[in-house]
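Below: work.cif (mmCIF, C-alpha atoms)
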data_data
loop_
_atom_site.group_PDB
_atom_site.id
_atom_site.type_symbol
_atom_site.label_atom_id
_atom_site.label_comp_id
_atom_site.auth_asym_id
_atom_site.auth_seq_id
_atom_site.Cartn_x
_atom_site.Cartn_y
_atom_site.Cartn_z
ATOM 1 C CA MET A 1 -30.408 1.124 -9.070
ATOM 2 C CA ASP A 2 -30.382 -2.588 -8.296
ATOM 3 C CA ASN A 3 -27.568 -4.755 -6.918
ATOM 4 C CA ALA A 4 -26.539 -6.024 -10.354
ATOM 5 C CA GLN A 5 -25.987 -2.447 -11.511
ATOM 6 C CA ARG A 6 -24.051 -1.651 -8.328
ATOM 7 C CA LEU A 7 -21.794 -4.685 -8.843
ATOM 8 C CA LYS A 8 -21.232 -3.722 -12.476
ATOM 9 C CA ILE A 9 -20.144 -0.241 -11.375
ATOM 10 C CA LEU A 10 -17.723 -1.713 -8.802
ATOM 11 C CA SER A 11 -16.277 -4.192 -11.310
ATOM 12 C CA SER A 12 -15.744 -1.480 -13.909
ATOM 13 C CA THR A 13 -13.437 0.491 -11.582
ATOM 14 C CA GLY A 14 -10.713 -2.167 -11.640
ATOM 15 C CA LYS A 15 -10.401 -1.883 -7.867
ATOM 16 C CA THR A 16 -10.641 -4.817 -5.484
ATOM 17 C CA VAL A 17 -11.379 -2.856 -2.282
ATOM 18 C CA PHE A 18 -13.662 0.044 -1.427
ATOM 19 C CA SER A 19 -14.341 2.298 1.528
ATOM 20 C CA LEU A 20 -17.882 3.370 2.335
ATOM 21 C CA LYS A 21 -17.010 6.794 0.916
ATOM 22 C CA ASN A 22 -15.923 5.132 -2.369
ATOM 23 C CA LEU A 23 -19.222 3.226 -2.529
ATOM 24 C CA GLN A 24 -21.205 6.376 -1.799
ATOM 25 C CA ASN A 25 -19.477 8.258 -4.625
ATOM 26 C CA LEU A 26 -19.765 5.391 -7.113
ATOM 27 C CA TRP A 27 -23.414 4.682 -6.388
ATOM 28 C CA GLY A 28 -24.471 8.303 -5.933
ATOM 29 C CA SER A 29 -26.226 7.581 -2.646
ATOM 30 C CA ASN A 30 -26.214 9.329 0.724
ATOM 31 C CA PRO A 31 -24.042 7.974 3.604
ATOM 32 C CA ASN A 32 -26.813 6.184 5.517
ATOM 33 C CA THR A 33 -28.276 4.549 2.416
ATOM 34 C CA THR A 34 -24.782 3.437 1.347
ATOM 35 C CA LYS A 35 -24.188 1.746 4.723
ATOM 36 C CA ILE A 36 -27.501 -0.106 4.513
ATOM 37 C CA ILE A 37 -26.987 -1.210 0.903
ATOM 38 C CA ALA A 38 -23.405 -2.361 1.557
ATOM 39 C CA LYS A 39 -24.472 -4.322 4.650
ATOM 40 C CA ARG A 40 -27.302 -6.022 2.768
ATOM 41 C CA MET A 41 -25.038 -6.867 -0.162
ATOM 42 C CA ALA A 42 -22.452 -8.318 2.232
ATOM 43 C CA ASP A 43 -25.167 -10.352 4.009
ATOM 44 C CA LYS A 44 -26.179 -11.781 0.615
ATOM 45 C CA LYS A 45 -22.470 -12.503 -0.118
ATOM 46 C CA LEU A 46 -22.527 -10.226 -3.178
ATOM 47 C CA ILE A 47 -19.566 -8.298 -1.736
ATOM 48 C CA THR A 48 -17.229 -9.100 1.142
ATOM 49 C CA ARG A 49 -16.997 -7.043 4.306
ATOM 50 C CA ILE A 50 -13.309 -6.848 5.201
ATOM 51 C CA GLU A 51 -13.606 -4.676 8.276
ATOM 52 C CA ARG A 52 -15.916 -1.937 9.457
ATOM 53 C CA GLY A 53 -16.084 0.599 6.640
ATOM 54 C CA TYR A 54 -14.169 -1.500 4.072
ATOM 55 C CA PHE A 55 -15.542 -3.881 1.461
ATOM 56 C CA ALA A 56 -14.163 -6.033 -1.366
ATOM 57 C CA LEU A 57 -15.610 -7.608 -4.463
ATOM 58 C CA ASP A 58 -14.592 -11.027 -3.111
ATOM 59 C CA GLU A 59 -12.299 -12.789 -0.621
ATOM 60 C CA GLU A 60 -9.326 -12.477 -3.000
ATOM 61 C CA PHE A 61 -8.801 -8.730 -2.577
ATOM 62 C CA ASP A 62 -5.434 -6.993 -2.935
ATOM 63 C CA ALA A 63 -4.051 -6.343 0.575
ATOM 64 C CA TYR A 64 -1.638 -3.724 -0.773
ATOM 65 C CA GLU A 65 -4.526 -1.842 -2.355
ATOM 66 C CA LEU A 66 -6.300 -1.962 1.009
ATOM 67 C CA ALA A 67 -3.166 -0.536 2.662
ATOM 68 C CA ASN A 68 -3.343 2.472 0.326
ATOM 69 C CA LEU A 69 -7.046 2.883 1.128
ATOM 70 C CA ILE A 70 -6.810 2.714 4.945
ATOM 71 C CA ILE A 71 -4.396 5.665 5.077
ATOM 72 C CA SER A 72 -4.396 8.007 2.139
ATOM 73 C CA PRO A 73 -1.945 9.257 1.069
ATOM 74 C CA SER A 74 0.420 6.354 1.648
ATOM 75 C CA TYR A 75 2.536 3.955 -0.342
ATOM 76 C CA VAL A 76 3.469 0.325 0.308
ATOM 77 C CA SER A 77 7.165 0.073 1.136
ATOM 78 C CA LEU A 78 9.779 -1.585 3.336
ATOM 79 C CA SER A 79 9.586 -5.404 3.541
ATOM 80 C CA SER A 80 6.222 -5.552 1.723
ATOM 81 C CA SER A 81 7.598 -3.741 -1.313
ATOM 82 C CA LEU A 82 10.775 -5.845 -1.331
ATOM 83 C CA PHE A 83 8.636 -9.003 -1.322
ATOM 84 C CA PHE A 84 6.310 -7.629 -4.032
ATOM 85 C CA HIS A 85 9.262 -6.925 -6.346
ATOM 86 C CA GLY A 86 10.983 -10.254 -5.666
ATOM 87 C CA ALA A 87 13.962 -8.755 -3.834
ATOM 88 C CA SER A 88 12.949 -10.570 -0.632
ATOM 89 C CA PHE A 89 11.475 -14.039 -0.275
ATOM 90 C CA GLN A 90 10.030 -13.667 3.229
ATOM 91 C CA VAL A 91 6.240 -13.565 3.409
ATOM 92 C CA SER A 92 4.632 -11.586 6.216
ATOM 93 C CA GLN A 93 1.097 -11.074 7.471
ATOM 94 C CA THR A 94 2.019 -7.438 8.135
ATOM 95 C CA VAL A 95 1.731 -5.003 5.243
ATOM 96 C CA THR A 96 4.189 -2.152 5.775
ATOM 97 C CA SER A 97 3.633 1.305 4.324
ATOM 98 C CA VAL A 98 4.928 4.847 4.594
ATOM 99 C CA SER A 99 2.580 7.754 5.282
ATOM 100 C CA PRO A 100 2.623 11.148 6.979
ATOM 101 C CA LEU A 101 1.583 9.504 10.287
ATOM 102 C CA ASN A 102 2.299 6.431 12.399
ATOM 103 C CA TYR A 103 -0.638 4.040 12.514
ATOM 104 C CA GLU A 104 -1.403 0.358 12.922
ATOM 105 C CA ARG A 105 -4.613 -1.524 12.236
ATOM 106 C CA LYS A 106 -5.792 -5.103 11.794
ATOM 107 C CA ALA A 107 -8.130 -5.844 8.881
ATOM 108 C CA GLY A 108 -8.869 -8.853 6.729
ATOM 109 C CA GLY A 109 -6.619 -11.160 8.759
ATOM 110 C CA ARG A 110 -3.564 -8.920 8.328
ATOM 111 C CA THR A 111 -1.846 -6.143 10.200
ATOM 112 C CA PHE A 112 -1.336 -2.860 8.381
ATOM 113 C CA LYS A 113 1.546 -0.818 9.782
ATOM 114 C CA TYR A 114 2.361 2.723 8.678
ATOM 115 C CA TYR A 115 5.598 4.562 9.401
ATOM 116 C CA ALA A 116 5.577 8.369 9.493
ATOM 117 C CA MET A 117 8.016 10.110 7.190
ATOM 118 C CA LYS A 118 8.957 13.773 7.014
ATOM 119 C CA ASP A 119 6.588 15.471 4.508
ATOM 120 C CA SER A 120 9.328 16.838 2.250
ATOM 121 C CA LEU A 121 10.661 13.312 1.688
ATOM 122 C CA PHE A 122 7.270 11.571 1.666
ATOM 123 C CA PHE A 123 5.894 13.817 -1.069
ATOM 124 C CA ASN A 124 8.991 13.348 -3.237
ATOM 125 C CA LEU A 125 7.616 10.790 -5.691
ATOM 126 C CA GLU A 126 10.989 9.554 -6.948
ATOM 127 C CA GLY A 127 11.056 5.753 -6.781
ATOM 128 C CA ILE A 128 7.316 5.266 -6.214
ATOM 129 C CA SER A 129 5.167 3.490 -8.819
ATOM 130 C CA TYR A 130 1.488 4.294 -9.254
ATOM 131 C CA THR A 131 -0.186 1.499 -11.218
ATOM 132 C CA ASP A 132 -3.417 -0.477 -11.050
ATOM 133 C CA ASN A 133 -4.864 1.394 -8.040
ATOM 134 C CA LEU A 134 -1.643 0.800 -6.133
ATOM 135 C CA ALA A 135 1.071 3.132 -4.858
ATOM 136 C CA ILE A 136 4.188 1.079 -4.103
ATOM 137 C CA ALA A 137 7.859 1.859 -3.627
ATOM 138 C CA ARG A 138 10.321 0.450 -6.116
ATOM 139 C CA PRO A 139 12.789 -1.889 -4.383
ATOM 140 C CA GLU A 140 15.462 0.837 -4.290
ATOM 141 C CA ARG A 141 13.150 3.245 -2.491
ATOM 142 C CA ALA A 142 12.052 0.451 -0.122
ATOM 143 C CA VAL A 143 15.694 -0.189 0.874
ATOM 144 C CA LEU A 144 16.234 3.534 1.469
ATOM 145 C CA ASP A 145 13.020 3.734 3.500
ATOM 146 C CA CYS A 146 14.233 0.828 5.659
ATOM 147 C CA LEU A 147 17.494 2.663 6.342
ATOM 148 C CA TYR A 148 15.591 5.899 7.028
ATOM 149 C CA PHE A 149 13.571 4.134 9.749
ATOM 150 C CA ASN A 150 16.641 2.256 11.078
ATOM 151 C CA LEU A 151 15.254 -1.079 9.909
ATOM 152 C CA LEU A 152 17.453 -3.736 8.371
ATOM 153 C CA PRO A 153 16.400 -4.217 4.732
ATOM 154 C CA ASN A 154 15.959 -7.903 3.995
ATOM 155 C CA VAL A 155 17.271 -8.334 0.459
ATOM 156 C CA ASP A 156 17.575 -11.950 -0.675
ATOM 157 C CA ASN A 157 17.889 -11.156 -4.392
ATOM 158 C CA SER A 158 20.123 -8.100 -4.904
ATOM 159 C CA ASP A 159 19.782 -8.501 -8.703
ATOM 160 C CA ARG A 160 16.399 -6.783 -8.298
ATOM 161 C CA LEU A 161 18.127 -3.566 -7.169
ATOM 162 C CA ASN A 162 19.405 -0.992 -9.638
ATOM 163 C CA PRO A 163 22.592 0.546 -8.099
ATOM 164 C CA GLY A 164 22.321 3.676 -10.252
ATOM 165 C CA LEU A 165 18.737 4.324 -9.208
ATOM 166 C CA LEU A 166 19.610 3.527 -5.579
ATOM 167 C CA LYS A 167 22.337 6.184 -5.638
ATOM 168 C CA LYS A 168 20.102 8.713 -7.442
ATOM 169 C CA ILE A 169 17.159 8.355 -5.048
ATOM 170 C CA SER A 170 19.441 8.354 -1.979
ATOM 171 C CA SER A 171 20.347 11.989 -2.702
ATOM 172 C CA PHE A 172 16.894 12.988 -1.388
ATOM 173 C CA TYR A 173 17.441 11.231 1.966
ATOM 174 C CA PRO A 174 19.317 12.476 5.045
ATOM 175 C CA LYS A 175 23.129 12.263 5.042
ATOM 176 C CA THR A 176 23.094 9.243 7.372
ATOM 177 C CA VAL A 177 21.086 7.218 4.824
ATOM 178 C CA GLN A 178 23.306 8.415 1.979
ATOM 179 C CA GLU A 179 26.389 7.246 3.878
ATOM 180 C CA LYS A 180 24.878 3.795 4.532
ATOM 181 C CA ILE A 181 24.030 3.397 0.834
ATOM 182 C CA ARG A 182 27.502 4.561 -0.223
ATOM 183 C CA LYS A 183 29.041 1.843 1.999
ATOM 184 C CA TYR A 184 26.548 -0.750 0.692
ATOM 185 C CA LEU A 185 27.366 0.088 -2.934
ATOM 186 C CA GLU A 186 31.115 -0.125 -2.257
ATOM 187 C CA LYS A 187 30.658 -3.687 -0.944
ATOM 188 C CA SER A 188 28.611 -4.775 -3.983
#

Structure encoded using structure tokens:
Amino acid sequence: MDNAQRLKILSSTGKTVFSLKNLQNLWGSNPNTTKIIAKRMADKKLITRIERGYFALDEEFDAYELANLIISPSYVSLSSSLFFHGASFQVSQTVTSVSPLNYERKAGGRTFKYYAMKDSLFFNLEGISYTDNLAIARPERAVLDCLYFNLLPNVDNSDRLNPGLLKKISSFYPKTVQEKIRKYLEKS
């Protein structure tokens, strides 16, 4: 298999970022060969090396997709999700996600921060969208996640929040979060 065939395989996945394990599976090569091929392709600027073990098709990779790849399973949430959905206008170089463990890592000029959530709540998929190689919280779930972690949700455009969905999803969260949302909805 030559580099053109490898690039065609990567392009056909629809993904913008890949781990070495992804490359190994897609190319059908062993781990050491995959490392060598990926390094050579990055040296020739055919692919971009983001960080050790992570590669992209080009410099314009999806940082949220990378967040899902660094820790799996995880989903983008909190301020990053609110910005993605247009509920917040504040841009940040930190991509925030929820996962079963706390973790922080720098890659591709950004910081990726993961907040650990109780498994029973994390694996409840209500309010999480899975599209285009991306797992991301809907804005309602992102607000609830903020309250769960005692973070102040930054909502600049409350029209992006569905009060009915906010109330429905809140029923899965602890009583303290439910009470905060009840008070928020009364004010709205």

Rank nothing, just name the residue among A:Arg110, A:Asn154, A:Glu179, A:Tyr75 nearest to A:Ile128, using only C-alpha atoms.
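Checking each of A:Arg110, A:Asn154, A:Glu179, A:Tyr75 against A:Ile128, counting only C-alpha atoms, the winner is A:Tyr75.
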
Residues in the PyMOL selection byres ((chain A and resi 156) around 8), expressed as an NGL selection string
:A and (87-89 or 154-155 or 157-158)

For A:Ser129, list every protein, DNA or RNA residue within 9 Å, evaluated using all atoms listed in the file, and leave out those in the same chain fewer than 5 positions away; present the list as a list in words.
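Residues meeting the cut-off are Tyr75, Leu134, Ala135, Ile136, Ala137 and Arg138 of chain A.
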
Shell of 12 Å around A:Ala4, all atoms listed in the file, local chain residues under 6 positions omitted, as a ChimeraX atom specification:
/A:10-11,27,41,46-47

Using only C-alpha atoms for the distances, tell me which of A:Phe112, A:Tyr64, A:Tyr184, A:Tyr173 is nearest to A:Ser81.
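For A:Ser81, the nearest of the given residues is A:Tyr64.
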
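Point (17.4, 9.2, -10.5) has the following residues at most 12 Å away: Asn124, Leu125, Glu126, Gly127, Ile128, Glu140, Arg141, Asn162, Pro163, Gly164, Leu165, Leu166, Lys167, Lys168, Ile169, Ser170, Ser171 and Phe172 of chain A (atoms considered: all atoms listed in the file).
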
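If all atoms listed in the file are the atoms counted, then among A:Asp159, A:Asp145, A:Arg49, A:Ser120 the closest residue to A:Ala107 is A:Arg49.
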
For the provided coordinates, the residues matched by the PyMOL selection byres ((chain A and resi 55) around 10) should be stated as a PyMOL selection string.
chain A and resi 16-20+22-23+38-39+42+47-54+56-59+61+66+108

Selection in question (the file shown): the PyMOL selection byres ((chain A and resi 115) around 6). Which residues does it include, as an MDAnalysis selection string?
chainID A and resid 98 102 114 116

Between atom CA of A:Thr111 and atom CA of A:Thr94, measure the distance and give it in Å to one decimal.
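The value is 4.6 Å.
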
Provide the atom CA of A:Ala142 to atom CA of A:Ser77 distance in Å, to one decimal place.
5.1 Å

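The space separating atom CA of A:Ile70 from atom CA of A:Leu151 comes to 22.9 Å.
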
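For the residues A:Ser74, A:Thr13, A:Asn3, A:Ser80, ranking by smallest atom-to-atom distance to A:Leu101 using all atoms listed in the file places A:Ser74 first.
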
Enclosing box along x, y and z for every listed atom of stretch 34-49 of chain A, padded 6 Å each side, centre and size in Å, one decimal, as JSON:
{"center_x": -22.2, "center_y": -4.5, "center_z": 0.8, "size_x": 22.5, "size_y": 27.9, "size_z": 19.9}

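Shortest atom-to-atom contact with A:Val76 among A:Asn133, A:Ile37, A:Lys45, A:Lys21: A:Asn133, counting only C-alpha atoms.
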
So, with only C-alpha atoms as the atoms that count, which of A:Leu161, A:Lys44, A:Asn32, A:Leu82 lies closest to A:Leu185?
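Of all the options, A:Leu161 lies closest to A:Leu185.
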